[in-house]
>>> print(open('protein_23.tsv').read())   # TSV, N, CA and C atoms
chain	number	residue	atom	x	y	z
H	843	MET	N	-12.24	-8.13	-26.77
H	843	MET	CA	-11.69	-8.34	-25.45
H	843	MET	C	-10.49	-9.29	-25.58
H	844	PRO	N	-9.27	-8.78	-25.42
H	844	PRO	CA	-8.10	-9.65	-25.48
H	844	PRO	C	-8.01	-10.58	-24.26
H	845	TYR	N	-7.62	-11.80	-24.54
H	845	TYR	CA	-7.33	-12.79	-23.51
H	845	TYR	C	-5.94	-13.33	-23.80
H	846	VAL	N	-5.04	-13.19	-22.84
H	846	VAL	CA	-3.65	-13.64	-23.01
H	846	VAL	C	-3.36	-14.68	-21.94
H	847	ASN	N	-2.84	-15.83	-22.39
H	847	ASN	CA	-2.45	-16.89	-21.47
H	847	ASN	C	-0.93	-16.99	-21.49
H	848	VAL	N	-0.30	-16.73	-20.35
H	848	VAL	CA	1.16	-16.77	-20.22
H	848	VAL	C	1.51	-18.00	-19.40
H	849	GLN	N	2.32	-18.87	-19.97
H	849	GLN	CA	2.76	-20.05	-19.25
H	849	GLN	C	4.25	-19.90	-18.94
H	850	ILE	N	4.58	-20.03	-17.65
H	850	ILE	CA	5.96	-19.91	-17.21
H	850	ILE	C	6.26	-21.02	-16.21
H	851	ILE	N	7.54	-21.29	-16.05
H	851	ILE	CA	7.96	-22.25	-15.02
H	851	ILE	C	7.83	-21.56	-13.67
H	852	LYS	N	7.39	-22.32	-12.67
H	852	LYS	CA	7.20	-21.77	-11.33
H	852	LYS	C	8.46	-21.11	-10.82
H	853	GLY	N	8.26	-20.05	-10.05
H	853	GLY	CA	9.39	-19.40	-9.41
H	853	GLY	C	9.39	-17.88	-9.53
H	854	ALA	N	8.54	-17.32	-10.38
H	854	ALA	CA	8.48	-15.87	-10.50
H	854	ALA	C	7.84	-15.28	-9.24
H	855	SER	N	8.33	-14.13	-8.85
H	855	SER	CA	7.76	-13.46	-7.68
H	855	SER	C	6.44	-12.79	-8.06
H	856	ARG	N	5.68	-12.41	-7.08
H	856	ARG	CA	4.43	-11.69	-7.31
H	856	ARG	C	4.72	-10.38	-8.04
H	857	GLU	N	5.79	-9.72	-7.65
H	857	GLU	CA	6.17	-8.45	-8.28
H	857	GLU	C	6.51	-8.65	-9.77
H	858	GLN	N	7.21	-9.73	-10.09
H	858	GLN	CA	7.54	-10.02	-11.49
H	858	GLN	C	6.28	-10.29	-12.30
H	859	LYS	N	5.35	-11.04	-11.72
H	859	LYS	CA	4.10	-11.34	-12.42
H	859	LYS	C	3.28	-10.07	-12.62
H	860	ALA	N	3.25	-9.22	-11.62
H	860	ALA	CA	2.53	-7.95	-11.74
H	860	ALA	C	3.13	-7.09	-12.85
H	861	GLU	N	4.45	-7.08	-12.96
H	861	GLU	CA	5.11	-6.32	-14.02
H	861	GLU	C	4.77	-6.90	-15.40
H	862	LEU	N	4.74	-8.22	-15.52
H	862	LEU	CA	4.34	-8.86	-16.78
H	862	LEU	C	2.93	-8.45	-17.19
H	863	VAL	N	2.01	-8.52	-16.24
H	863	VAL	CA	0.62	-8.16	-16.52
H	863	VAL	C	0.53	-6.71	-16.98
H	864	ALA	N	1.23	-5.81	-16.30
H	864	ALA	CA	1.22	-4.39	-16.68
H	864	ALA	C	1.82	-4.19	-18.07
H	865	ASP	N	2.95	-4.84	-18.34
H	865	ASP	CA	3.62	-4.67	-19.63
H	865	ASP	C	2.78	-5.22	-20.78
H	866	ILE	N	2.19	-6.39	-20.60
H	866	ILE	CA	1.37	-6.98	-21.65
H	866	ILE	C	0.14	-6.11	-21.90
H	867	THR	N	-0.49	-5.66	-20.82
H	867	THR	CA	-1.67	-4.79	-20.95
H	867	THR	C	-1.31	-3.51	-21.69
H	868	ASN	N	-0.19	-2.89	-21.31
H	868	ASN	CA	0.24	-1.66	-21.97
H	868	ASN	C	0.54	-1.89	-23.45
H	869	SER	N	1.17	-3.01	-23.78
H	869	SER	CA	1.47	-3.32	-25.18
H	869	SER	C	0.20	-3.49	-26.01
H	870	LEU	N	-0.77	-4.22	-25.48
H	870	LEU	CA	-2.02	-4.41	-26.21
H	870	LEU	C	-2.74	-3.09	-26.41
H	871	SER	N	-2.68	-2.24	-25.43
H	871	SER	CA	-3.31	-0.92	-25.54
H	871	SER	C	-2.59	-0.05	-26.57
H	872	ARG	N	-1.26	-0.03	-26.49
H	872	ARG	CA	-0.46	0.83	-27.37
H	872	ARG	C	-0.48	0.34	-28.82
H	873	VAL	N	-0.27	-0.96	-29.02
H	873	VAL	CA	-0.14	-1.50	-30.36
H	873	VAL	C	-1.49	-1.72	-31.05
H	874	LEU	N	-2.45	-2.26	-30.31
H	874	LEU	CA	-3.73	-2.63	-30.92
H	874	LEU	C	-4.88	-1.71	-30.53
H	875	GLY	N	-4.62	-0.78	-29.61
H	875	GLY	CA	-5.67	0.12	-29.17
H	875	GLY	C	-6.72	-0.54	-28.29
H	876	LYS	N	-6.35	-1.63	-27.64
H	876	LYS	CA	-7.30	-2.35	-26.79
H	876	LYS	C	-7.42	-1.67	-25.43
H	877	SER	N	-8.62	-1.68	-24.89
H	877	SER	CA	-8.89	-1.07	-23.60
H	877	SER	C	-8.34	-1.94	-22.47
H	878	PRO	N	-7.53	-1.35	-21.57
H	878	PRO	CA	-7.02	-2.13	-20.44
H	878	PRO	C	-8.14	-2.74	-19.59
H	879	GLU	N	-9.29	-2.06	-19.53
H	879	GLU	CA	-10.41	-2.55	-18.73
H	879	GLU	C	-11.02	-3.83	-19.29
H	880	HIS	N	-10.73	-4.11	-20.56
H	880	HIS	CA	-11.27	-5.30	-21.19
H	880	HIS	C	-10.20	-6.35	-21.50
H	881	THR	N	-9.02	-6.15	-20.97
H	881	THR	CA	-7.90	-7.06	-21.22
H	881	THR	C	-7.75	-8.05	-20.06
H	882	HIS	N	-7.72	-9.31	-20.39
H	882	HIS	CA	-7.57	-10.37	-19.39
H	882	HIS	C	-6.26	-11.10	-19.62
H	883	ILE	N	-5.50	-11.28	-18.55
H	883	ILE	CA	-4.22	-11.99	-18.63
H	883	ILE	C	-4.20	-13.06	-17.54
H	884	VAL	N	-3.92	-14.28	-17.96
H	884	VAL	CA	-3.83	-15.41	-17.02
H	884	VAL	C	-2.40	-15.91	-17.03
H	885	ILE	N	-1.82	-16.05	-15.85
H	885	ILE	CA	-0.47	-16.61	-15.73
H	885	ILE	C	-0.61	-18.02	-15.15
H	886	GLN	N	-0.12	-18.98	-15.91
H	886	GLN	CA	-0.11	-20.36	-15.44
H	886	GLN	C	1.33	-20.74	-15.12
H	887	GLU	N	1.54	-21.17	-13.89
H	887	GLU	CA	2.88	-21.60	-13.48
H	887	GLU	C	2.96	-23.12	-13.55
H	888	ILE	N	3.98	-23.59	-14.25
H	888	ILE	CA	4.15	-25.01	-14.50
H	888	ILE	C	5.38	-25.52	-13.74
H	889	ASP	N	5.25	-26.67	-13.10
H	889	ASP	CA	6.41	-27.30	-12.46
H	889	ASP	C	7.43	-27.70	-13.51
H	890	GLU	N	8.71	-27.60	-13.17
H	890	GLU	CA	9.77	-27.97	-14.12
H	890	GLU	C	9.63	-29.39	-14.63
H	891	GLU	N	9.12	-30.28	-13.80
H	891	GLU	CA	8.98	-31.67	-14.23
H	891	GLU	C	7.83	-31.86	-15.22
H	892	ASN	N	7.03	-30.81	-15.41
H	892	ASN	CA	5.91	-30.86	-16.36
H	892	ASN	C	6.16	-30.00	-17.60
H	893	TRP	N	7.39	-29.57	-17.78
H	893	TRP	CA	7.74	-28.74	-18.93
H	893	TRP	C	8.95	-29.37	-19.59
H	894	GLY	N	8.89	-29.55	-20.88
H	894	GLY	CA	10.02	-30.17	-21.56
H	894	GLY	C	10.45	-29.38	-22.78
H	895	PHE	N	11.71	-29.49	-23.11
H	895	PHE	CA	12.25	-28.92	-24.34
H	895	PHE	C	13.56	-29.62	-24.62
H	896	SER	N	13.98	-29.55	-25.85
H	896	SER	CA	15.24	-30.16	-26.26
H	896	SER	C	15.28	-31.65	-25.91
H	897	GLY	N	14.10	-32.27	-25.91
H	897	GLY	CA	14.02	-33.70	-25.65
H	897	GLY	C	14.09	-34.12	-24.20
H	898	LEU	N	14.08	-33.14	-23.29
H	898	LEU	CA	14.20	-33.46	-21.86
H	898	LEU	C	13.18	-32.68	-21.06
H	899	LEU	N	12.84	-33.20	-19.88
H	899	LEU	CA	12.08	-32.40	-18.93
H	899	LEU	C	13.02	-31.32	-18.40
H	900	THR	N	12.47	-30.17	-18.06
H	900	THR	CA	13.30	-29.04	-17.67
H	900	THR	C	14.19	-29.34	-16.47
H	901	ASP	N	13.66	-30.05	-15.47
H	901	ASP	CA	14.50	-30.35	-14.31
H	901	ASP	C	15.66	-31.27	-14.69
H	902	ASP	N	15.44	-32.22	-15.63
H	902	ASP	CA	16.53	-33.08	-16.09
H	902	ASP	C	17.55	-32.27	-16.90
H	903	TRP	N	17.05	-31.37	-17.74
H	903	TRP	CA	17.95	-30.52	-18.54
H	903	TRP	C	18.83	-29.67	-17.62
H	904	LYS	N	18.22	-29.07	-16.61
H	904	LYS	CA	18.99	-28.25	-15.66
H	904	LYS	C	20.05	-29.09	-14.95
H	905	ALA	N	19.70	-30.30	-14.56
H	905	ALA	CA	20.64	-31.18	-13.86
H	905	ALA	C	21.85	-31.50	-14.74
H	906	LYS	N	21.64	-31.63	-16.03
H	906	LYS	CA	22.74	-31.93	-16.95
H	906	LYS	C	23.65	-30.72	-17.17
H	907	GLN	N	23.15	-29.52	-16.90
H	907	GLN	CA	23.93	-28.31	-17.12
H	907	GLN	C	24.97	-28.06	-16.03
H	908	THR	N	24.81	-28.72	-14.89
H	908	THR	CA	25.77	-28.50	-13.78
H	908	THR	C	26.83	-29.57	-13.74
>>> encode(input="protein_23.tsv", output="structure tokens")
Amino acid sequence: MPYVNVQIIKGASREQKAELVADITNSLSRVLGKSPEHTHIVIQEIDEENWGFSGLLTDDWKAKQT
């Protein structure tokens, strides 16, 4: 039973998340032969202030880009 945890920054629409779930499920089925009925996908949305990269929090990094 595949379990996939997808972490993204908040802001994706419901439609975008539904497309991600469908695409990931289809890939697991196609590539690994996993049953879609047994595939679990969790999307965790993270606030920009709780995500960091390049030594900065994402909201600070974005502010520096403008």
>>> residues_around(input="protein_23.tsv", residues="segment 843-845 of chain H", least_positions_apart="4", cutoff="6.5 Å", atoms="only N, CA and C atoms", output="PDB file with N, CA and C atoms, in the frame of the given file")
ATOM      1  N   HIS H 880     -10.730  -4.110 -20.560  1.00  0.00           N
ATOM      2  CA  HIS H 880     -11.270  -5.300 -21.190  1.00  0.00           C
ATOM      3  C   HIS H 880     -10.200  -6.350 -21.500  1.00  0.00           C
ATOM      4  N   THR H 881      -9.020  -6.150 -20.970  1.00  0.00           N
ATOM      5  CA  THR H 881      -7.900  -7.060 -21.220  1.00  0.00           C
ATOM      6  C   THR H 881      -7.750  -8.050 -20.060  1.00  0.00           C
ATOM      7  N   HIS H 882      -7.720  -9.310 -20.390  1.00  0.00           N
ATOM      8  CA  HIS H 882      -7.570 -10.370 -19.390  1.00  0.00           C
ATOM      9  C   HIS H 882      -6.260 -11.100 -19.620  1.00  0.00           C
ATOM     10  N   ILE H 883      -5.500 -11.280 -18.550  1.00  0.00           N
ATOM     11  CA  ILE H 883      -4.220 -11.990 -18.630  1.00  0.00           C
ATOM     12  C   ILE H 883      -4.200 -13.060 -17.540  1.00  0.00           C
ATOM     13  N   VAL H 884      -3.920 -14.280 -17.960  1.00  0.00           N
ATOM     14  CA  VAL H 884      -3.830 -15.410 -17.020  1.00  0.00           C
ATOM     15  C   VAL H 884      -2.400 -15.910 -17.030  1.00  0.00           C
TER      16      VAL H 884
END
>>> select_by_dssp(input="protein_23.tsv", residues="segment 851-906 of chain H", states="strand (DSSP E)", output="VMD selection string")
chain H and resid 851 882 to 888 894 to 895 898 to 899
>>> atom_distance(input="protein_23.tsv", atom1="atom C of Glu879 of chain H", atom2="atom C of Val863 of chain H")
12.1 Å
>>> atom_distance(input="protein_23.tsv", atom1="atom CA of Ala860 of chain H", atom2="atom CA of Arg872 of chain H")
18.2 Å
>>> residues_around(input="protein_23.tsv", residues="Lys852 of chain H", least_positions_apart="2", cutoff="5 Å", atoms="all atoms listed in the file", output="JSON, numbers by chain")
{"H": [850, 854, 887, 888, 889]}
>>> atom_distance(input="protein_23.tsv", atom1="atom CA of Gly875 of chain H", atom2="atom CA of Leu862 of chain H")
18.3 Å
>>> closest_residue(input="protein_23.tsv", among="H:Leu899, H:Ile885, H:Asn847, H:Ser871", to="Lys859 of chain H", atoms="all atoms listed in the file")
H:Ile885
